[in-house]
file coords_38.pdb (PDB, C-alpha atoms)
ATOM      1  CA  MET A 258       2.281  10.745  15.475
ATOM      2  CA  ASN A 259       5.117   8.241  15.752
ATOM      3  CA  TRP A 260       7.242   8.968  12.693
ATOM      4  CA  GLY A 261       9.622   6.108  13.554
ATOM      5  CA  VAL A 262       6.814   3.646  12.840
ATOM      6  CA  TYR A 263       6.233   5.277   9.460
ATOM      7  CA  GLU A 264       9.939   5.155   8.629
ATOM      8  CA  ALA A 265      10.186   1.450   9.519
ATOM      9  CA  LEU A 266       7.042   0.666   7.540
ATOM     10  CA  LEU A 267       8.147   2.527   4.420
ATOM     11  CA  THR A 268      11.638   1.021   4.597
ATOM     12  CA  GLY A 269      10.194  -2.496   4.807
ATOM     13  CA  VAL A 270       7.821  -1.941   1.901
ATOM     14  CA  ASN A 271      10.632  -0.480  -0.217
ATOM     15  CA  LYS A 272      12.347  -3.906  -0.303
ATOM     16  CA  PHE A 273       9.427  -5.522  -2.125
ATOM     17  CA  SER A 274       8.336  -2.622  -4.376
ATOM     18  CA  THR A 275       8.858  -2.083  -8.081
ATOM     19  CA  GLU A 276      10.386   1.095  -9.514
ATOM     20  CA  PHE A 277       6.961   2.751  -9.577
ATOM     21  CA  GLY A 278       6.376   1.706  -5.980
ATOM     22  CA  ARG A 279       9.651   3.302  -4.876
ATOM     23  CA  ILE A 280       8.686   6.556  -6.578
ATOM     24  CA  TRP A 281       5.331   6.389  -4.774
ATOM     25  CA  LEU A 282       7.104   5.884  -1.448
ATOM     26  CA  SER A 283       9.362   8.881  -2.101
ATOM     27  CA  ILE A 284       6.416  11.135  -2.915
ATOM     28  CA  VAL A 285       4.446   9.982   0.134
ATOM     29  CA  PHE A 286       7.350  10.408   2.533
ATOM     30  CA  ILE A 287       8.904  13.624   1.177
ATOM     31  CA  PHE A 288       6.058  15.557  -0.430
ATOM     32  CA  ARG A 289       3.216  14.513   1.860
ATOM     33  CA  ILE A 290       4.335  13.297   5.285
ATOM     34  CA  LEU A 291       7.220  15.761   5.718
ATOM     35  CA  VAL A 292       5.240  18.687   4.305
ATOM     36  CA  TYR A 293       2.366  17.804   6.606
ATOM     37  CA  ALA A 294       4.612  17.496   9.668
ATOM     38  CA  VAL A 295       6.806  20.551   9.060
ATOM     39  CA  THR A 296       4.622  23.196   7.431
ATOM     40  CA  ALA A 297       0.919  22.324   7.163
ATOM     41  CA  SER A 298       0.332  22.111  10.912
ATOM     42  CA  ARG A 299       1.903  25.562  11.355
ATOM     43  CA  VAL A 300      -0.123  27.139   8.564
ATOM     44  CA  TRP A 301      -3.428  25.981  10.043
ATOM     45  CA  GLY A 302      -2.572  25.971  13.750
ATOM     46  CA  ASP A 303      -5.557  27.021  15.861
ATOM     47  CA  ASP A 304      -7.758  27.810  12.893
ATOM     48  CA  GLN A 305     -10.930  28.427  14.851
ATOM     49  CA  LYS A 306      -9.239  31.098  16.947
ATOM     50  CA  ASP A 307      -8.265  33.009  13.787
ATOM     51  CA  PHE A 308     -11.770  32.735  12.288
ATOM     52  CA  ASP A 309     -13.186  36.222  12.886
ATOM     53  CA  CYS A 310     -16.746  37.456  12.294
ATOM     54  CA  ASN A 311     -17.987  41.051  12.400
ATOM     55  CA  THR A 312     -20.267  40.434  15.361
ATOM     56  CA  ARG A 313     -19.868  39.822  19.052
ATOM     57  CA  GLN A 314     -22.990  37.712  19.392
ATOM     58  CA  PRO A 315     -22.101  34.742  21.670
ATOM     59  CA  GLY A 316     -21.925  31.470  19.750
ATOM     60  CA  CYS A 317     -22.059  33.045  16.276
ATOM     61  CA  ASN A 318     -18.380  32.435  15.530
ATOM     62  CA  ASN A 319     -18.645  28.792  16.561
ATOM     63  CA  VAL A 320     -21.674  27.907  14.423
ATOM     64  CA  CYS A 321     -20.304  29.756  11.384
ATOM     65  CA  TYR A 322     -16.936  28.045  11.703
ATOM     66  CA  ASP A 323     -18.624  24.641  12.025
ATOM     67  CA  GLN A 324     -20.654  25.330   8.881
ATOM     68  CA  TYR A 325     -17.680  26.156   6.667
ATOM     69  CA  PHE A 326     -15.116  23.870   8.323
ATOM     70  CA  PRO A 327     -16.976  20.677   9.316
ATOM     71  CA  VAL A 328     -13.641  18.796   9.362
ATOM     72  CA  SER A 329     -10.249  20.409   9.652
ATOM     73  CA  HIS A 330      -7.836  20.041   6.732
ATOM     74  CA  ILE A 331      -5.107  18.816   9.066
ATOM     75  CA  ARG A 332      -7.232  16.065  10.580
ATOM     76  CA  LEU A 333      -8.409  14.926   7.163
ATOM     77  CA  TRP A 334      -4.835  14.762   5.878
ATOM     78  CA  ALA A 335      -3.709  12.847   8.980
ATOM     79  CA  LEU A 336      -6.488  10.299   8.478
ATOM     80  CA  GLN A 337      -5.664  10.071   4.768
ATOM     81  CA  LEU A 338      -1.963   9.407   5.401
ATOM     82  CA  ILE A 339      -2.765   6.707   7.953
ATOM     83  CA  LEU A 340      -5.252   4.931   5.695
ATOM     84  CA  VAL A 341      -3.109   5.186   2.557
ATOM     85  CA  THR A 342      -0.073   3.593   4.234
ATOM     86  CA  CYS A 343      -1.982   0.772   5.968
ATOM     87  CA  PRO A 344      -2.312  -1.381   2.781
ATOM     88  CA  SER A 345       1.489  -1.427   2.519
ATOM     89  CA  LEU A 346       1.534  -3.050   5.946
ATOM     90  CA  LEU A 347      -0.357  -6.014   4.472
ATOM     91  CA  VAL A 348       2.560  -6.730   2.125
ATOM     92  CA  VAL A 349       5.068  -6.655   4.992
ATOM     93  CA  MET A 350       2.835  -8.927   7.089
ATOM     94  CA  HIS A 351       2.442 -11.396   4.198
ATOM     95  CA  VAL A 352       6.221 -11.611   3.754
ATOM     96  CA  ALA A 353       6.652 -12.067   7.516
ATOM     97  CA  TYR A 354       4.085 -14.888   7.388
ATOM     98  CA  ARG A 355       6.081 -16.591   4.615
ATOM     99  CA  GLU A 356       9.330 -16.254   6.567
ATOM    100  CA  ASN A 357       7.757 -17.700   9.706
ATOM    101  CA  ARG A 358       6.271 -20.602   7.761
ATOM    102  CA  GLU A 359       9.615 -21.351   6.100
ATOM    103  CA  ARG A 360      11.413 -21.226   9.448
ATOM    104  CA  LYS A 361       8.970 -23.650  11.077
ATOM    105  CA  ARG A 362       9.333 -26.058   8.145
ATOM    106  CA  ARG A 363      13.133 -26.049   8.447
ATOM    107  CA  GLU A 364      12.931 -26.670  12.183
ATOM    108  CA  LYS A 365      10.534 -29.556  11.690
ATOM    109  CA  MET A 366      11.855 -31.207   8.518
ATOM    110  CA  GLY A 367      15.527 -30.264   8.504
ATOM    111  CA  GLU A 368      17.695 -28.055   6.317
ATOM    112  CA  ASP A 369      17.896 -30.573   3.431
ATOM    113  CA  CYS A 370      14.206 -30.485   2.572
ATOM    114  CA  ARG A 371      12.925 -28.449  -0.335
ATOM    115  CA  LYS A 372      11.961 -24.845   0.437
ATOM    116  CA  LEU A 373       8.336 -23.792   0.317
ATOM    117  CA  TYR A 374       9.317 -20.572  -1.504
ATOM    118  CA  GLN A 375      12.270 -20.148  -3.829
ATOM    119  CA  ASP A 376      12.337 -16.424  -3.003
ATOM    120  CA  ILE A 377      10.240 -15.315  -0.035
ATOM    121  CA  GLY A 378      10.043 -11.690  -1.162
ATOM    122  CA  LYS A 379       9.294 -12.456  -4.802
ATOM    123  CA  LYS A 380       5.792 -11.458  -5.860
ATOM    124  CA  ARG A 381       4.327 -14.860  -6.720
ATOM    125  CA  GLY A 382       1.073 -16.546  -5.800
ATOM    126  CA  GLY A 383      -0.685 -15.022  -2.825
ATOM    127  CA  LEU A 384       1.905 -12.272  -2.343
ATOM    128  CA  TRP A 385       1.269 -11.057  -5.897
ATOM    129  CA  TRP A 386      -2.444 -10.726  -5.136
ATOM    130  CA  THR A 387      -1.746  -9.025  -1.802
ATOM    131  CA  TYR A 388       0.520  -6.481  -3.491
ATOM    132  CA  LEU A 389      -1.980  -5.826  -6.292
ATOM    133  CA  ILE A 390      -4.884  -5.405  -3.858
ATOM    134  CA  SER A 391      -2.804  -3.016  -1.732
ATOM    135  CA  LEU A 392      -2.166  -0.858  -4.817
ATOM    136  CA  LEU A 393      -5.852  -0.706  -5.685
ATOM    137  CA  VAL A 394      -6.853   0.071  -2.089
ATOM    138  CA  LYS A 395      -4.321   2.915  -1.912
ATOM    139  CA  ALA A 396      -5.628   4.361  -5.170
ATOM    140  CA  VAL A 397      -9.227   4.145  -3.915
ATOM    141  CA  VAL A 398      -8.345   5.785  -0.570
ATOM    142  CA  ASP A 399      -6.561   8.737  -2.187
ATOM    143  CA  SER A 400      -9.332   9.160  -4.760
ATOM    144  CA  ALA A 401     -11.975   9.098  -2.020
ATOM    145  CA  PHE A 402     -10.219  11.810  -0.015
ATOM    146  CA  ILE A 403      -9.777  13.983  -3.099
ATOM    147  CA  TYR A 404     -13.531  13.728  -3.639
ATOM    148  CA  ILE A 405     -14.213  14.491   0.062
ATOM    149  CA  PHE A 406     -12.104  17.650  -0.124
ATOM    150  CA  TYR A 407     -13.908  18.670  -3.302
ATOM    151  CA  ARG A 408     -17.323  18.227  -1.670
ATOM    152  CA  LEU A 409     -16.455  19.894   1.631
ATOM    153  CA  TYR A 410     -14.551  22.833   0.162
ATOM    154  CA  GLU A 411     -15.873  23.897  -3.214
ATOM    155  CA  ASN A 412     -13.194  23.541  -5.906
ATOM    156  CA  PHE A 413     -10.643  22.911  -3.113
ATOM    157  CA  PHE A 414     -10.276  26.662  -2.489
ATOM    158  CA  LEU A 415     -11.143  28.773   0.547
ATOM    159  CA  PRO A 416     -12.714  32.217   0.041
ATOM    160  CA  ARG A 417     -11.407  35.252   1.870
ATOM    161  CA  VAL A 418     -14.849  36.161   3.203
ATOM    162  CA  VAL A 419     -17.839  33.908   3.923
ATOM    163  CA  LYS A 420     -21.362  34.986   4.764
ATOM    164  CA  CYS A 421     -23.208  33.277   7.597
ATOM    165  CA  THR A 422     -26.941  33.449   8.380
ATOM    166  CA  LEU A 423     -27.198  30.741  11.037
ATOM    167  CA  LEU A 424     -28.649  31.303  14.476
ATOM    168  CA  PRO A 425     -27.694  32.796  16.890
ATOM    169  CA  CYS A 426     -26.186  35.316  14.458
ATOM    170  CA  PRO A 427     -28.453  38.411  14.416
ATOM    171  CA  ASN A 428     -28.376  38.865  10.613
ATOM    172  CA  ILE A 429     -26.088  38.215   7.636
ATOM    173  CA  VAL A 430     -22.636  38.102   9.159
ATOM    174  CA  ASP A 431     -19.320  38.397   7.318
ATOM    175  CA  CYS A 432     -16.621  36.034   8.562
ATOM    176  CA  PHE A 433     -12.958  36.223   7.598
ATOM    177  CA  ILE A 434     -10.592  33.266   7.150
ATOM    178  CA  ALA A 435      -6.992  33.726   8.260
ATOM    179  CA  ARG A 436      -4.269  33.334   5.583
ATOM    180  CA  PRO A 437      -6.587  32.017   2.827
ATOM    181  CA  SER A 438      -4.001  32.304   0.013
ATOM    182  CA  GLU A 439      -1.374  30.353   1.943
ATOM    183  CA  LYS A 440      -3.904  27.677   2.851
ATOM    184  CA  ASN A 441      -5.079  27.389  -0.741
ATOM    185  CA  ILE A 442      -1.504  26.847  -1.934
ATOM    186  CA  PHE A 443      -0.916  24.037   0.556
ATOM    187  CA  THR A 444      -4.298  22.485  -0.196
ATOM    188  CA  LEU A 445      -3.566  22.493  -3.928
ATOM    189  CA  PHE A 446      -0.115  21.001  -3.293
ATOM    190  CA  MET A 447      -1.538  18.140  -1.214
ATOM    191  CA  ILE A 448      -4.318  17.459  -3.729
ATOM    192  CA  ILE A 449      -1.842  17.305  -6.631
ATOM    193  CA  SER A 450       0.436  14.993  -4.607
ATOM    194  CA  SER A 451      -2.514  12.690  -3.917
ATOM    195  CA  ALA A 452      -3.481  12.665  -7.606
ATOM    196  CA  VAL A 453       0.095  11.789  -8.628
ATOM    197  CA  CYS A 454       0.092   8.926  -6.105
ATOM    198  CA  VAL A 455      -3.181   7.606  -7.541
ATOM    199  CA  LEU A 456      -1.681   7.710 -11.029
ATOM    200  CA  LEU A 457       1.458   5.871  -9.883
ATOM    201  CA  ASN A 458      -0.619   3.181  -8.167
ATOM    202  CA  LEU A 459      -2.639   2.580 -11.329
ATOM    203  CA  ILE A 460       0.511   2.508 -13.481
ATOM    204  CA  GLU A 461       2.163   0.003 -11.132
ATOM    205  CA  ALA A 462      -0.959  -2.189 -11.073
ATOM    206  CA  THR A 463      -1.046  -2.152 -14.892
ATOM    207  CA  TYR A 464       2.667  -2.998 -14.973
ATOM    208  CA  LEU A 465       2.206  -5.964 -12.613
ATOM    209  CA  ILE A 466      -0.759  -7.337 -14.566
ATOM    210  CA  GLY A 467       1.053  -6.929 -17.896
ATOM    211  CA  LYS A 468       4.187  -8.601 -16.543
ATOM    212  CA  LYS A 469       2.111 -11.483 -15.158
ATOM    213  CA  CYS A 470       0.357 -12.006 -18.495
ATOM    214  CA  LYS A 471       3.701 -11.963 -20.312
ATOM    215  CA  GLU A 472       5.173 -14.565 -17.929
ATOM    216  CA  ASN A 473       2.138 -16.813 -18.383
ATOM    217  CA  MET A 474       2.435 -16.600 -22.171
ATOM    218  CA  LEU A 475       6.154 -17.418 -22.029
ATOM    219  CA  SER A 476       5.578 -20.374 -19.692
ATOM    220  CA  LYS A 477       2.921 -21.763 -22.041
ATOM    221  CA  GLY A 478       5.317 -21.393 -24.969
ATOM    222  CA  GLN A 479       8.054 -23.250 -23.087
ATOM    223  CA  THR A 480       5.619 -26.066 -22.235
ATOM    224  CA  ILE A 481       4.709 -26.501 -25.900
ATOM    225  CA  THR A 482       8.412 -26.545 -26.869
ATOM    226  CA  LEU A 483       9.196 -29.230 -24.281
ATOM    227  CA  LYS A 484       6.369 -31.402 -25.575
ATOM    228  CA  LYS A 485       7.699 -31.150 -29.138
ATOM    229  CA  ASP A 486      11.238 -32.037 -28.022
ATOM    230  CA  SER A 487       9.973 -35.144 -26.238
ATOM    231  CA  TYR A 488       8.608 -36.537 -29.517
ATOM    232  CA  CYS A 489      11.692 -35.848 -31.669
ATOM    233  CA  CYS A 490      14.844 -36.236 -29.604
ATOM    234  CA  ASP A 491      18.132 -37.673 -30.760
ATOM    235  CA  GLY A 492      21.529 -38.258 -29.215
ATOM    236  CA  ASN A 493      22.372 -35.334 -26.955
ATOM    237  CA  ASP A 494      18.719 -34.270 -26.504
ATOM    238  CA  CYS A 495      17.797 -37.722 -25.230
ATOM    239  CA  LYS A 496      20.768 -37.678 -22.882
ATOM    240  CA  GLN A 497      19.731 -34.273 -21.634
ATOM    241  CA  SER A 498      16.188 -35.498 -21.010
ATOM    242  CA  LYS A 499      17.588 -38.455 -19.062
ATOM    243  CA  CYS A 500      19.638 -36.065 -16.948
ATOM    244  CA  ASP A 501      16.539 -33.996 -16.292
ATOM    245  CA  GLU A 502      14.678 -37.143 -15.290
ATOM    246  CA  THR A 503      17.533 -38.057 -12.936
ATOM    247  CA  VAL A 504      17.384 -34.615 -11.321
ATOM    248  CA  ASN A 505      13.627 -34.888 -10.930
ATOM    249  CA  ILE A 506      13.947 -38.377  -9.428
ATOM    250  CA  SER A 507      16.537 -37.156  -6.925
ATOM    251  CA  GLU A 508      14.306 -34.234  -5.949
ATOM    252  CA  ASP A 509      11.332 -36.560  -5.596
ATOM    253  CA  SER A 510      13.340 -38.918  -3.417
ATOM    254  CA  LYS A 511      14.404 -35.997  -1.227
ATOM    255  CA  ASN A 512      10.813 -34.851  -0.881
ATOM    256  CA  SER A 513       9.646 -38.393  -0.150
ATOM    257  CA  SER A 514      12.288 -38.693   2.563
ATOM    258  CA  CYS A 515      11.014 -35.453   4.076
ATOM    259  CA  GLU A 516       7.466 -36.759   3.981
ATOM    260  CA  ALA A 517       8.572 -40.053   5.522
ATOM    261  CA  LYS A 518      10.356 -38.161   8.263
ATOM    262  CA  GLU A 519       7.241 -36.135   8.954
ATOM    263  CA  ASN A 520       5.111 -39.301   9.084
ATOM    264  CA  ARG A 521       7.507 -40.902  11.571
ATOM    265  CA  GLN A 522       7.332 -37.822  13.776
ATOM    266  CA  ASN A 523       3.544 -37.911  13.699
ATOM    267  CA  GLN A 524       3.530 -41.625  14.599
ATOM    268  CA  GLU A 525       5.882 -40.988  17.533
ATOM    269  CA  ILE A 526       3.603 -38.221  18.801
ATOM    270  CA  ILE A 527       0.588 -40.549  18.562
ATOM    271  CA  ALA A 528       2.458 -43.316  20.391
ATOM    272  CA  ILE A 529       3.414 -40.924  23.192
ATOM    273  CA  GLU A 530      -0.165 -39.746  23.496
TER     274      GLU A 530
END

call {"tool": "encode", "arguments": {"input": "coords_38.pdb", "output": "structure tokens"}}
result
Amino acid sequence: MNWGVYEALLTGVNKFSTEFGRIWLSIVFIFRILVYAVTASRVWGDDQKDFDCNTRQPGCNNVCYDQYFPVSHIRLWALQLILVTCPSLLVVMHVAYRENRERKRREKMGEDCRKLYQDIGKKRGGLWWTYLISLLVKAVVDSAFIYIFYRLYENFFLPRVVKCTLLPCPNIVDCFIARPSEKNIFTLFMIISSAVCVLLNLIEATYLIGKKCKENMLSKGQTITLKKDSYCCDGNDCKQSKCDETVNISEDSKNSSCEAKENRQNQEIIAIE
């Protein structure tokens, strides 16, 4: 695993996250990725080698191990960490797309033209939807893996002894799992960390939706106030409205000059062709 890629990804996402998102990043990096890299791999190690059954029948250990451990904990956690961090990459890619689009516009139209985005990293428009969808996808991924662990390993816990009756075992065979208590502690820790991350994702999604609704209500209220002022203005208010009109006219003229410049460039290209 290339941990430098993870570090760069998490650092980039941290720039565009809310407070809840930064807490989520801290939990993922410290309590999940580092724990997985430093301790979990050592606890499990070569788990099949330590799986011991009270028979020497060839093949019995293998089939019994496959029955009770269809997928290794470590491989499931690795897949979970990869899938749960991929949605954050969408946010970084969306911001990079905005930056590239803004750069191309400046090169083509000049530095004086109006920007496409007032703040490239601000969660507005499509970026807001990308961020919200990434939160929901991360919550779904973590929830799905919690359910998978629950189905594969009953109640998330490993027993000390399992009984196997599969062929080629000669009869009911007792098999012993190495370090079951230690493995149960780490499993419970990772499950709780995943559940906390799901909760943080849902809280952040609720926060974003609530903030968006509040901004929409405030913008509607400001629109109504402006309409009222336009009908009953006197003295200074009328002067202020004229100033606003002047600013709007100057901005429109700047935009029209940009559009005219773009049209001239297109005509020159056509003439050359």

call {"tool": "closest_residue", "arguments": {"input": "coords_38.pdb", "among": "A:Val419, A:Leu336, A:Asn319, A:Ala435", "to": "Ile290 (chain A)", "atoms": "only C-alpha atoms"}}
result
A:Leu336

call {"tool": "closest_residue", "arguments": {"input": "coords_38.pdb", "among": "A:Val292, A:Ile331, A:Leu384, A:Ile405", "to": "Asp304 (chain A)", "atoms": "only C-alpha atoms"}}
result
A:Ile331

call {"tool": "atom_distance", "arguments": {"input": "coords_38.pdb", "atom1": "CA of Ile460 (chain A)", "atom2": "CA of Lys395 (chain A)"}}
result
12.5 Å

call {"tool": "residues_near_point", "arguments": {"input": "coords_38.pdb", "point": "(-1.3, 3.0, 3.8)", "cutoff": "10 Å", "atoms": "only C-alpha atoms", "output": "PyMOL selection string"}}
result
chain A and resi 263+266-267+285+337-347+391-392+394-395+398-399

call {"tool": "atom_distance", "arguments": {"input": "coords_38.pdb", "atom1": "CA of Arg279 (chain A)", "atom2": "CA of Ile390 (chain A)"}}
result
17.0 Å

call {"tool": "atom_distance", "arguments": {"input": "coords_38.pdb", "atom1": "CA of Cys321 (chain A)", "atom2": "CA of Ile434 (chain A)"}}
result
11.2 Å

call {"tool": "residues_near_point", "arguments": {"input": "coords_38.pdb", "point": "(-4.6, 36.5, -1.9)", "cutoff": "12 Å", "atoms": "only C-alpha atoms", "output": "list in words"}}
result
Phe414, Leu415, Pro416, Arg417, Val418, Ile434, Ala435, Arg436, Pro437, Ser438, Glu439, Lys440, Asn441 and Ile442 of chain A

call {"tool": "axis_aligned_box", "arguments": {"input": "coords_38.pdb", "around": "region 323-332 of chain A", "padding_each_side": "5 Å", "output": "JSON"}}
result
{"center_x": -12.9, "center_y": 21.1, "center_z": 9.3, "size_x": 25.5, "size_y": 20.1, "size_z": 15.4}
